[in-house]
Amino acid sequence: MGIVSPGFQGRRRAAEPNLPPGQYLTEDFPVLSAGPTPRVSLTDWEFVLSTETGAESRWSWDEMWALPTETPMVDIHCVTHWSKLGTNWRGVSIDTLLDGVDTAADYALVHSYGGYTTNLPLDDLRDGQAWIVHQYDGADLPAEHGGPARLLVPHLYFWKSAKWVRGIRLGLTDEPGFWETAGYHDYGDPWREQRYQGD
Ligand SMILES: Nc1nc2c(c(=O)[nH]1)N[C@H]1C(S)=C(S)[C@@H](COP(=O)(O)O)O[C@H]1N2
Ligand SMILES: [Mo]
């Protein structure tokens, strides 16, 4: 005989200012993957940033992690309504990767090993808002959470944080990715509850 609806199992806290509308807090770390977990060896791994002119910057695993890293502590929000506050990561800021890259692009299409894609405005990857991360909570990022490395762009719904990230293509036009093509919102701001097209 509960006055709390069973689905929430007491996890919902009403007065949590860091919780966007329609979200509940979770302490565990759910895994959401739209397919099998790709395995990529660190010797084969590379990250490719390409621009609208076709110019490419490439980093091997060792080259990527020779760059300066940061340790963002951020809140993450999945469109399936769970949020996790204060998650700890280590990674290279996208600002570092964009340093010296000449582009007039407004849009980015992120590609993953395994074929997943997601799109966002290039400005949302700049100014300390996004990282390529390879550690979670002080340990190597587990494969099911996107290891060896994933994109982390926590101010948008978590489907924009592509796991097993392989590269970013910058372009002059917006090109929808995997979930965006399937009816999810093109931008995906959790604070404006932009879950689906038309929200
Ligand atoms: N490559 C890839 N990245 C992905 C996904 C995916 O299916 N494939 N799912 C997205 C979705 S919908 C969410 S909520 C988060 C889930 O990350 P997690 O499994 O580490 O919680 O990854 C995002 N990145
Ligand atoms: Mo998600």
# chains A, B, ... in the order shown; residues from 1 in each chain; ligands from 1
>>> residues_around(residues="segment 124-130 of chain A", least_positions_apart="2", cutoff="8 Å", atoms="only C-alpha atoms", output="VMD selection string")
chain A and resid 93 to 95 120 to 122 132 151 to 155
>>> closest_atom_pairs(of="chain A", to="ligand 1", cutoff="6 Å", atoms="only C-alpha atoms and all ligand atoms", output="JSON lines")
{"residue": "A:Phe29", "atom": "CA", "partner": "ligand 1", "partner_atom_place_in_ligand_line": "21 (O)", "distance": 5.9}
{"residue": "A:Pro30", "atom": "CA", "partner": "ligand 1", "partner_atom_place_in_ligand_line": "21 (O)", "distance": 4.8}
{"residue": "A:Val31", "atom": "CA", "partner": "ligand 1", "partner_atom_place_in_ligand_line": "19 (O)", "distance": 3.3}
{"residue": "A:Leu32", "atom": "CA", "partner": "ligand 1", "partner_atom_place_in_ligand_line": "19 (O)", "distance": 3.9}
{"residue": "A:Ser33", "atom": "CA", "partner": "ligand 1", "partner_atom_place_in_ligand_line": "7 (O)", "distance": 3.3}
{"residue": "A:Ala34", "atom": "CA", "partner": "ligand 1", "partner_atom_place_in_ligand_line": "7 (O)", "distance": 3.6}
{"residue": "A:Cys78", "atom": "CA", "partner": "ligand 1", "partner_atom_place_in_ligand_line": "14 (S)", "distance": 4.4}
{"residue": "A:Ser112", "atom": "CA", "partner": "ligand 1", "partner_atom_place_in_ligand_line": "1 (N)", "distance": 5.1}
{"residue": "A:Tyr116", "atom": "CA", "partner": "ligand 1", "partner_atom_place_in_ligand_line": "1 (N)", "distance": 4.7}
{"residue": "A:His145", "atom": "CA", "partner": "ligand 1", "partner_atom_place_in_ligand_line": "20 (O)", "distance": 3.5}
{"residue": "A:Phe158", "atom": "CA", "partner": "ligand 1", "partner_atom_place_in_ligand_line": "14 (S)", "distance": 4.6}
{"residue": "A:Trp159", "atom": "CA", "partner": "ligand 1", "partner_atom_place_in_ligand_line": "11 (C)", "distance": 3.6}
{"residue": "A:Ser161", "atom": "CA", "partner": "ligand 1", "partner_atom_place_in_ligand_line": "24 (N)", "distance": 5.0}
{"residue": "A:Ala162", "atom": "CA", "partner": "ligand 1", "partner_atom_place_in_ligand_line": "3 (N)", "distance": 3.8}
{"residue": "A:Lys163", "atom": "CA", "partner": "ligand 1", "partner_atom_place_in_ligand_line": "3 (N)", "distance": 3.7}
{"residue": "A:Trp164", "atom": "CA", "partner": "ligand 1", "partner_atom_place_in_ligand_line": "1 (N)", "distance": 5.4}
>>> write_last_selection(atoms="C-alpha atoms", output="PDB file, in the first residue's frame")
ATOM      1  CA  PHE A  29      24.707   3.675 -14.342  1.00  0.00           C
ATOM      2  CA  PRO A  30      22.300   2.204 -16.895  1.00  0.00           C
ATOM      3  CA  VAL A  31      23.677   0.918 -20.206  1.00  0.00           C
ATOM      4  CA  LEU A  32      21.839   2.014 -23.344  1.00  0.00           C
ATOM      5  CA  SER A  33      23.195   0.732 -26.644  1.00  0.00           C
ATOM      6  CA  ALA A  34      21.319   0.472 -29.934  1.00  0.00           C
ATOM      7  CA  CYS A  78      19.105  10.338 -20.729  1.00  0.00           C
ATOM      8  CA  SER A 112      31.247   5.825 -33.795  1.00  0.00           C
ATOM      9  CA  TYR A 116      26.230   5.044 -34.672  1.00  0.00           C
ATOM     10  CA  HIS A 145      29.813   2.612 -21.511  1.00  0.00           C
ATOM     11  CA  PHE A 158      22.968  11.667 -23.355  1.00  0.00           C
ATOM     12  CA  TRP A 159      22.272  10.144 -26.802  1.00  0.00           C
ATOM     13  CA  SER A 161      27.405  11.519 -26.133  1.00  0.00           C
ATOM     14  CA  ALA A 162      28.436   8.963 -28.754  1.00  0.00           C
ATOM     15  CA  LYS A 163      30.050   5.832 -27.322  1.00  0.00           C
ATOM     16  CA  TRP A 164      33.039   4.210 -29.106  1.00  0.00           C
TER      17      TRP A 164
END
>>> closest_residue(among="A:Gly147, A:Gly198, A:Pro190, A:Pro176", to="ligand 2", atoms="only C-alpha atoms and all ligand atoms")
A:Pro190
>>> residues_around(residues="segment 84-87 of chain A", least_positions_apart="6", cutoff="10 Å", atoms="only C-alpha atoms", output="VMD selection string")
chain A and resid 18 to 19 23 to 30 72 to 78 136 to 137 154
>>> write_last_selection(atoms="C-alpha atoms", output="short mmCIF file (atom, residue, chain, number, x, y, z; two decimals), in the first residue's frame")
data_model
loop_
_atom_site.label_atom_id
_atom_site.label_comp_id
_atom_site.auth_asym_id
_atom_site.auth_seq_id
_atom_site.Cartn_x
_atom_site.Cartn_y
_atom_site.Cartn_z
CA ASN A 18 19.83 20.07 -10.93
CA LEU A 19 17.16 17.73 -12.25
CA GLN A 23 13.76 13.24 -15.17
CA TYR A 24 14.35 11.04 -12.11
CA LEU A 25 17.62 10.50 -10.28
CA THR A 26 19.47 7.22 -10.45
CA GLU A 27 22.53 6.13 -8.51
CA ASP A 28 23.43 3.23 -10.79
CA PHE A 29 24.71 3.67 -14.34
CA PRO A 30 22.30 2.20 -16.90
CA PRO A 72 34.99 17.17 -15.77
CA MET A 73 32.42 16.40 -13.07
CA VAL A 74 29.04 16.68 -14.77
CA ASP A 75 25.37 15.72 -14.60
CA ILE A 76 24.06 13.45 -17.36
CA HIS A 77 20.48 13.17 -18.58
CA CYS A 78 19.10 10.34 -20.73
CA TYR A 136 35.09 7.11 -15.78
CA ASP A 137 35.34 7.31 -11.98
CA PRO A 154 26.55 16.56 -20.92
#
>>> atom_distance(atom1="atom CA of Arg195 of chain A", atom2="atom CA of Glu144 of chain A")
23.4 Å
>>> closest_residue(among="A:Asp199, A:Trp82, A:Ala104, A:Leu49", to="ligand 2", atoms="only C-alpha atoms and all ligand atoms")
A:Trp82
>>> select_by_dssp(residues="chain A", states="helix (DSSP H, G or I)", output="ChimeraX atom specification")
/A:6-8,61-64,94-98,122-125,143-145,158-160,178-181,190-192
>>> select_by_dssp(residues="chain A", states="strand (DSSP E or B)", output="ChimeraX atom specification")
/A:24-25,46-50,56-60,70,73-77,82-93,107-112,117-121,131-136,139-140,150-152,165-171,184,196
>>> closest_residue(among="A:Gly138, A:Asp123, A:Arg39, A:Gly167", to="Ser60 of chain A", atoms="only C-alpha atoms")
A:Gly167
>>> closest_residue(among="A:Asp186, A:Val79, A:Leu98, A:Gly171", to="ligand 2", atoms="only C-alpha atoms and all ligand atoms")
A:Val79
>>> atom_distance(atom1="atom CA of Ala143 of chain A", atom2="atom CA of His111 of chain A")
16.5 Å
>>> residues_around(residues="Leu67 of chain A", least_positions_apart="3", cutoff="7 Å", atoms="only C-alpha atoms", output="list in words")
Glu63, Met64 and Val92 of chain A
>>> atom_distance(atom1="atom CA of Gly146 of chain A", atom2="atom CA of Val165 of chain A")
7.6 Å
>>> closest_residue(among="A:Gln135, A:Gly54, A:His81, A:Val101", to="ligand 2", atoms="only C-alpha atoms and all ligand atoms")
A:His81
>>> closest_residue(among="A:Tyr157, A:Tyr184, A:Tyr196, A:Trp191", to="ligand 2", atoms="only C-alpha atoms and all ligand atoms")
A:Tyr157
>>> residues_around(residues="Trp45 of chain A", least_positions_apart="4", cutoff="7 Å", atoms="only C-alpha atoms", output="PyMOL selection string")
chain A and resi 40-41+60-61
